[in-house]
Amino acid sequence: MKRIIKVEDSHGVAFHRELIKKLKERGLLGDTVHNPLVERLNTGKCNPKLVRTILTRLVGVNRLKVLFVIDSEGRADVAYNDILKHFEKKPGVERLDVKVVVVEPRHEAWLCIGLGGDRKKCRSNPEEVISRIKNNQYEKRKLGDWAQDVDISNLLSESDFKEYIQGVKWLLEVC
């Protein structure tokens, strides 16, 4: 079985690797020994090519589990369906398990809350709050680096982060 987390951009890869490390250190993912492969979603979430790129990962494996973690950009229900609609009734998907977690509104909100920012402000304008917290202008490339400073306990009450933890647990469970 192959396990993959797909995230929207290359900076999100390091961010999620750090979050998973912190979740494991806190014992929030159980005693699994598995580590998922974290990869950039190299097509757009609305791109029909998405299914082909995922199905190529089935070569040489009997089953593939993929957790997509995407930004809502203020349109959570649409963002969720942007991914799932591609996998409906397609040949080859019977060996594929897919889940989607939508971050409201962007991954930067988790970074902001994890750094101790005000939840409401982090959900509306995370980049501005992050810049104030870090006393440094936020740039997307800093997402992974600054994840090291995230306090996971700040995120545990966030509904989308709870969904993320459940998604990672699902991904890592032994079938």
# chains A, B, ... in the order shown; residues from 1 in each chain; ligands from 1

$ select_by_dssp --residues "segment 5-157 of chain A" --states "alpha helix (DSSP H)" --output "PyMOL selection string"
chain A and resi 10-25+49-55+76-84+107-114+119-124+126-134+143-146

$ select_by_dssp --residues "chain A" --states "strand (DSSP E)" --output "MDAnalysis selection string"
chainID A and resid 2:7 37:40 64:71 96:103

$ closest_residue --among "A:Val51, A:Ala76, A:Val150, A:Leu29" --to "Val98 of chain A" --atoms "only C-alpha atoms"
A:Val51

$ residues_around --residues "Val61 of chain A" --least-positions-apart "6" --cutoff "10 Å" --atoms "only C-alpha atoms" --output "PyMOL selection string"
chain A and resi 1-2+95

$ write_last_selection --atoms "C-alpha atoms" --output "PDB file, in the first residue's frame"
ATOM      1  CA  MET A   1       0.000   0.000   0.000  1.00  0.00           C
ATOM      2  CA  LYS A   2       1.266   3.423  -0.919  1.00  0.00           C
ATOM      3  CA  ARG A  95      -7.713   0.473  -6.171  1.00  0.00           C
TER       4      ARG A  95
END

$ residues_around --residues "Thr43 of chain A" --least-positions-apart "4" --cutoff "9 Å" --atoms "only C-alpha atoms" --output "PyMOL selection string"
chain A and resi 8+47-50+53

$ write_last_selection --atoms "all heavy atoms" --output "PDB file, in the first residue's frame"
ATOM      1  N   GLU A   8      -1.075  21.727  -2.202  1.00  0.00           N
ATOM      2  CA  GLU A   8      -1.183  22.585  -3.380  1.00  0.00           C
ATOM      3  C   GLU A   8       0.110  23.193  -3.901  1.00  0.00           C
ATOM      4  O   GLU A   8       0.190  23.512  -5.071  1.00  0.00           O
ATOM      5  CB  GLU A   8      -2.192  23.693  -3.119  1.00  0.00           C
ATOM      6  CG  GLU A   8      -3.601  23.177  -3.173  1.00  0.00           C
ATOM      7  CD  GLU A   8      -4.608  24.284  -3.175  1.00  0.00           C
ATOM      8  OE1 GLU A   8      -4.790  24.915  -4.226  1.00  0.00           O
ATOM      9  OE2 GLU A   8      -5.208  24.510  -2.121  1.00  0.00           O
ATOM     10  N   ASN A  47      -7.981  20.546 -12.561  1.00  0.00           N
ATOM     11  CA  ASN A  47      -7.423  20.048 -13.812  1.00  0.00           C
ATOM     12  C   ASN A  47      -7.792  18.578 -14.027  1.00  0.00           C
ATOM     13  O   ASN A  47      -7.515  17.735 -13.172  1.00  0.00           O
ATOM     14  CB  ASN A  47      -5.897  20.208 -13.763  1.00  0.00           C
ATOM     15  CG  ASN A  47      -5.237  19.966 -15.086  1.00  0.00           C
ATOM     16  OD1 ASN A  47      -5.687  19.160 -15.888  1.00  0.00           O
ATOM     17  ND2 ASN A  47      -4.147  20.677 -15.317  1.00  0.00           N
ATOM     18  N   PRO A  48      -8.393  18.243 -15.181  1.00  0.00           N
ATOM     19  CA  PRO A  48      -8.742  16.839 -15.470  1.00  0.00           C
ATOM     20  C   PRO A  48      -7.526  15.909 -15.501  1.00  0.00           C
ATOM     21  O   PRO A  48      -7.650  14.705 -15.317  1.00  0.00           O
ATOM     22  CB  PRO A  48      -9.393  16.908 -16.847  1.00  0.00           C
ATOM     23  CG  PRO A  48      -9.737  18.333 -17.071  1.00  0.00           C
ATOM     24  CD  PRO A  48      -8.833  19.152 -16.217  1.00  0.00           C
ATOM     25  N   LYS A  49      -6.349  16.456 -15.692  1.00  0.00           N
ATOM     26  CA  LYS A  49      -5.116  15.667 -15.696  1.00  0.00           C
ATOM     27  C   LYS A  49      -4.819  15.081 -14.309  1.00  0.00           C
ATOM     28  O   LYS A  49      -4.032  14.148 -14.170  1.00  0.00           O
ATOM     29  CB  LYS A  49      -3.963  16.564 -16.161  1.00  0.00           C
ATOM     30  CG  LYS A  49      -2.650  15.877 -16.331  1.00  0.00           C
ATOM     31  CD  LYS A  49      -1.610  16.874 -16.819  1.00  0.00           C
ATOM     32  CE  LYS A  49      -0.239  16.266 -16.755  1.00  0.00           C
ATOM     33  NZ  LYS A  49       0.802  17.213 -17.132  1.00  0.00           N
ATOM     34  N   LEU A  50      -5.464  15.601 -13.303  1.00  0.00           N
ATOM     35  CA  LEU A  50      -5.262  15.168 -11.921  1.00  0.00           C
ATOM     36  C   LEU A  50      -5.411  13.656 -11.770  1.00  0.00           C
ATOM     37  O   LEU A  50      -4.569  12.999 -11.168  1.00  0.00           O
ATOM     38  CB  LEU A  50      -6.250  15.897 -11.000  1.00  0.00           C
ATOM     39  CG  LEU A  50      -6.300  15.464  -9.543  1.00  0.00           C
ATOM     40  CD1 LEU A  50      -4.985  15.777  -8.857  1.00  0.00           C
ATOM     41  CD2 LEU A  50      -7.448  16.171  -8.838  1.00  0.00           C
ATOM     42  N   THR A  53      -2.459  11.651 -13.275  1.00  0.00           N
ATOM     43  CA  THR A  53      -1.221  11.712 -12.498  1.00  0.00           C
ATOM     44  C   THR A  53      -1.310  10.859 -11.233  1.00  0.00           C
ATOM     45  O   THR A  53      -0.321  10.266 -10.820  1.00  0.00           O
ATOM     46  CB  THR A  53      -0.846  13.159 -12.123  1.00  0.00           C
ATOM     47  OG1 THR A  53      -1.850  13.719 -11.298  1.00  0.00           O
ATOM     48  CG2 THR A  53      -0.627  14.009 -13.341  1.00  0.00           C
TER      49      THR A  53
END

$ closest_residue --among "A:Leu143, A:Val38, A:Val93, A:Val59" --to "Ile20 of chain A" --atoms "only C-alpha atoms"
A:Val38

$ residues_around --residues "Ile113 of chain A" --least-positions-apart "6" --cutoff "12 Å" --atoms "only C-alpha atoms" --output "PDB file with N, CA, C and O atoms, in the first residue's frame"
ATOM      1  N   GLU A 104      -9.441  26.328   5.778  1.00  0.00           N
ATOM      2  CA  GLU A 104     -10.182  27.590   5.655  1.00  0.00           C
ATOM      3  C   GLU A 104      -9.354  28.758   6.149  1.00  0.00           C
ATOM      4  O   GLU A 104      -8.980  28.756   7.324  1.00  0.00           O
ATOM      5  N   ARG A 106      -6.790  29.373   3.920  1.00  0.00           N
ATOM      6  CA  ARG A 106      -5.516  28.934   3.325  1.00  0.00           C
ATOM      7  C   ARG A 106      -4.649  28.314   4.417  1.00  0.00           C
ATOM      8  O   ARG A 106      -4.860  28.538   5.600  1.00  0.00           O
ATOM      9  N   HIS A 107      -3.626  27.604   4.012  1.00  0.00           N
ATOM     10  CA  HIS A 107      -2.693  26.989   4.958  1.00  0.00           C
ATOM     11  C   HIS A 107      -2.069  28.007   5.919  1.00  0.00           C
ATOM     12  O   HIS A 107      -1.731  27.692   7.047  1.00  0.00           O
ATOM     13  N   ARG A 119      -7.222  33.792  16.494  1.00  0.00           N
ATOM     14  CA  ARG A 119      -7.894  32.872  15.588  1.00  0.00           C
ATOM     15  C   ARG A 119      -8.711  33.589  14.510  1.00  0.00           C
ATOM     16  O   ARG A 119      -8.609  33.283  13.322  1.00  0.00           O
ATOM     17  N   LYS A 120      -9.522  34.540  14.931  1.00  0.00           N
ATOM     18  CA  LYS A 120     -10.400  35.237  13.986  1.00  0.00           C
ATOM     19  C   LYS A 120      -9.584  36.020  12.950  1.00  0.00           C
ATOM     20  O   LYS A 120      -9.876  35.973  11.755  1.00  0.00           O
ATOM     21  N   LYS A 121      -8.567  36.716  13.402  1.00  0.00           N
ATOM     22  CA  LYS A 121      -7.722  37.483  12.480  1.00  0.00           C
ATOM     23  C   LYS A 121      -6.926  36.548  11.569  1.00  0.00           C
ATOM     24  O   LYS A 121      -6.704  36.850  10.398  1.00  0.00           O
ATOM     25  N   CYS A 122      -6.492  35.411  12.115  1.00  0.00           N
ATOM     26  CA  CYS A 122      -5.735  34.443  11.317  1.00  0.00           C
ATOM     27  C   CYS A 122      -6.594  33.838  10.216  1.00  0.00           C
ATOM     28  O   CYS A 122      -6.084  33.489   9.153  1.00  0.00           O
ATOM     29  N   ARG A 123      -7.880  33.717  10.465  1.00  0.00           N
ATOM     30  CA  ARG A 123      -8.781  33.165   9.450  1.00  0.00           C
ATOM     31  C   ARG A 123      -9.137  34.191   8.385  1.00  0.00           C
ATOM     32  O   ARG A 123      -9.506  33.824   7.274  1.00  0.00           O
ATOM     33  N   SER A 124      -9.001  35.472   8.688  1.00  0.00           N
ATOM     34  CA  SER A 124      -9.368  36.487   7.697  1.00  0.00           C
ATOM     35  C   SER A 124      -8.161  37.050   6.943  1.00  0.00           C
ATOM     36  O   SER A 124      -8.236  37.289   5.748  1.00  0.00           O
ATOM     37  N   ASN A 125      -7.041  37.273   7.634  1.00  0.00           N
ATOM     38  CA  ASN A 125      -5.858  37.831   6.976  1.00  0.00           C
ATOM     39  C   ASN A 125      -4.589  37.274   7.628  1.00  0.00           C
ATOM     40  O   ASN A 125      -3.852  38.001   8.296  1.00  0.00           O
ATOM     41  N   PRO A 126      -4.332  35.980   7.417  1.00  0.00           N
ATOM     42  CA  PRO A 126      -3.220  35.338   8.137  1.00  0.00           C
ATOM     43  C   PRO A 126      -1.845  35.919   7.831  1.00  0.00           C
ATOM     44  O   PRO A 126      -1.016  36.040   8.727  1.00  0.00           O
ATOM     45  N   GLU A 127      -1.605  36.310   6.615  1.00  0.00           N
ATOM     46  CA  GLU A 127      -0.283  36.805   6.244  1.00  0.00           C
ATOM     47  C   GLU A 127       0.086  38.062   7.030  1.00  0.00           C
ATOM     48  O   GLU A 127       1.231  38.217   7.463  1.00  0.00           O
ATOM     49  N   VAL A 129      -1.052  38.940  10.039  1.00  0.00           N
ATOM     50  CA  VAL A 129      -0.836  38.569  11.443  1.00  0.00           C
ATOM     51  C   VAL A 129       0.513  37.856  11.596  1.00  0.00           C
ATOM     52  O   VAL A 129       1.266  38.133  12.523  1.00  0.00           O
ATOM     53  N   ILE A 130       0.821  36.965  10.678  1.00  0.00           N
ATOM     54  CA  ILE A 130       2.106  36.250  10.719  1.00  0.00           C
ATOM     55  C   ILE A 130       3.258  37.250  10.655  1.00  0.00           C
ATOM     56  O   ILE A 130       4.234  37.135  11.402  1.00  0.00           O
ATOM     57  N   ILE A 133       3.634  38.795  14.035  1.00  0.00           N
ATOM     58  CA  ILE A 133       4.155  37.838  15.022  1.00  0.00           C
ATOM     59  C   ILE A 133       5.648  37.609  14.824  1.00  0.00           C
ATOM     60  O   ILE A 133       6.422  37.610  15.776  1.00  0.00           O
ATOM     61  N   ALA A 147       7.034  26.647  10.121  1.00  0.00           N
ATOM     62  CA  ALA A 147       6.241  25.571  10.717  1.00  0.00           C
ATOM     63  C   ALA A 147       6.942  24.981  11.936  1.00  0.00           C
ATOM     64  O   ALA A 147       6.288  24.452  12.833  1.00  0.00           O
ATOM     65  N   ASP A 149       8.095  26.518  14.316  1.00  0.00           N
ATOM     66  CA  ASP A 149       7.708  27.307  15.484  1.00  0.00           C
ATOM     67  C   ASP A 149       6.239  27.124  15.878  1.00  0.00           C
ATOM     68  O   ASP A 149       5.775  27.728  16.843  1.00  0.00           O
ATOM     69  N   VAL A 150       5.519  26.317  15.130  1.00  0.00           N
ATOM     70  CA  VAL A 150       4.098  26.092  15.399  1.00  0.00           C
ATOM     71  C   VAL A 150       3.923  25.288  16.679  1.00  0.00           C
ATOM     72  O   VAL A 150       4.600  24.281  16.897  1.00  0.00           O
ATOM     73  N   ASP A 151       3.003  25.740  17.517  1.00  0.00           N
ATOM     74  CA  ASP A 151       2.586  24.990  18.699  1.00  0.00           C
ATOM     75  C   ASP A 151       1.296  24.266  18.323  1.00  0.00           C
ATOM     76  O   ASP A 151       0.240  24.893  18.182  1.00  0.00           O
ATOM     77  N   ILE A 152       1.398  22.966  18.132  1.00  0.00           N
ATOM     78  CA  ILE A 152       0.265  22.150  17.696  1.00  0.00           C
ATOM     79  C   ILE A 152      -0.941  22.322  18.617  1.00  0.00           C
ATOM     80  O   ILE A 152      -2.077  22.293  18.163  1.00  0.00           O
ATOM     81  N   SER A 153      -0.709  22.514  19.897  1.00  0.00           N
ATOM     82  CA  SER A 153      -1.831  22.639  20.837  1.00  0.00           C
ATOM     83  C   SER A 153      -2.727  23.831  20.488  1.00  0.00           C
ATOM     84  O   SER A 153      -3.922  23.809  20.788  1.00  0.00           O
ATOM     85  N   ASN A 154      -2.181  24.851  19.835  1.00  0.00           N
ATOM     86  CA  ASN A 154      -2.990  25.996  19.410  1.00  0.00           C
ATOM     87  C   ASN A 154      -3.982  25.619  18.311  1.00  0.00           C
ATOM     88  O   ASN A 154      -4.968  26.324  18.102  1.00  0.00           O
ATOM     89  N   LEU A 155      -3.703  24.541  17.603  1.00  0.00           N
ATOM     90  CA  LEU A 155      -4.531  24.149  16.459  1.00  0.00           C
ATOM     91  C   LEU A 155      -5.558  23.064  16.781  1.00  0.00           C
ATOM     92  O   LEU A 155      -6.470  22.833  15.997  1.00  0.00           O
ATOM     93  N   LEU A 156      -5.423  22.412  17.912  1.00  0.00           N
ATOM     94  CA  LEU A 156      -6.236  21.231  18.195  1.00  0.00           C
ATOM     95  C   LEU A 156      -7.728  21.486  18.303  1.00  0.00           C
ATOM     96  O   LEU A 156      -8.526  20.568  18.131  1.00  0.00           O
ATOM     97  N   SER A 157      -8.141  22.711  18.560  1.00  0.00           N
ATOM     98  CA  SER A 157      -9.572  23.005  18.643  1.00  0.00           C
ATOM     99  C   SER A 157     -10.159  23.481  17.308  1.00  0.00           C
ATOM    100  O   SER A 157     -11.363  23.689  17.204  1.00  0.00           O
ATOM    101  N   GLU A 158      -9.321  23.614  16.301  1.00  0.00           N
ATOM    102  CA  GLU A 158      -9.785  24.070  14.985  1.00  0.00           C
ATOM    103  C   GLU A 158     -10.417  22.909  14.217  1.00  0.00           C
ATOM    104  O   GLU A 158      -9.800  21.858  14.053  1.00  0.00           O
ATOM    105  N   PHE A 161      -8.472  21.526  11.297  1.00  0.00           N
ATOM    106  CA  PHE A 161      -7.264  20.829  11.719  1.00  0.00           C
ATOM    107  C   PHE A 161      -7.611  19.467  12.335  1.00  0.00           C
ATOM    108  O   PHE A 161      -6.888  18.490  12.121  1.00  0.00           O
TER     109      PHE A 161
END

$ residues_around --residues "Phe15 of chain A" --least-positions-apart "3" --cutoff "7 Å" --atoms "only C-alpha atoms" --output "list of chain:residue names"
A:His11, A:Gly12, A:Glu18, A:Leu19, A:Leu143, A:Gly144, A:Ala147
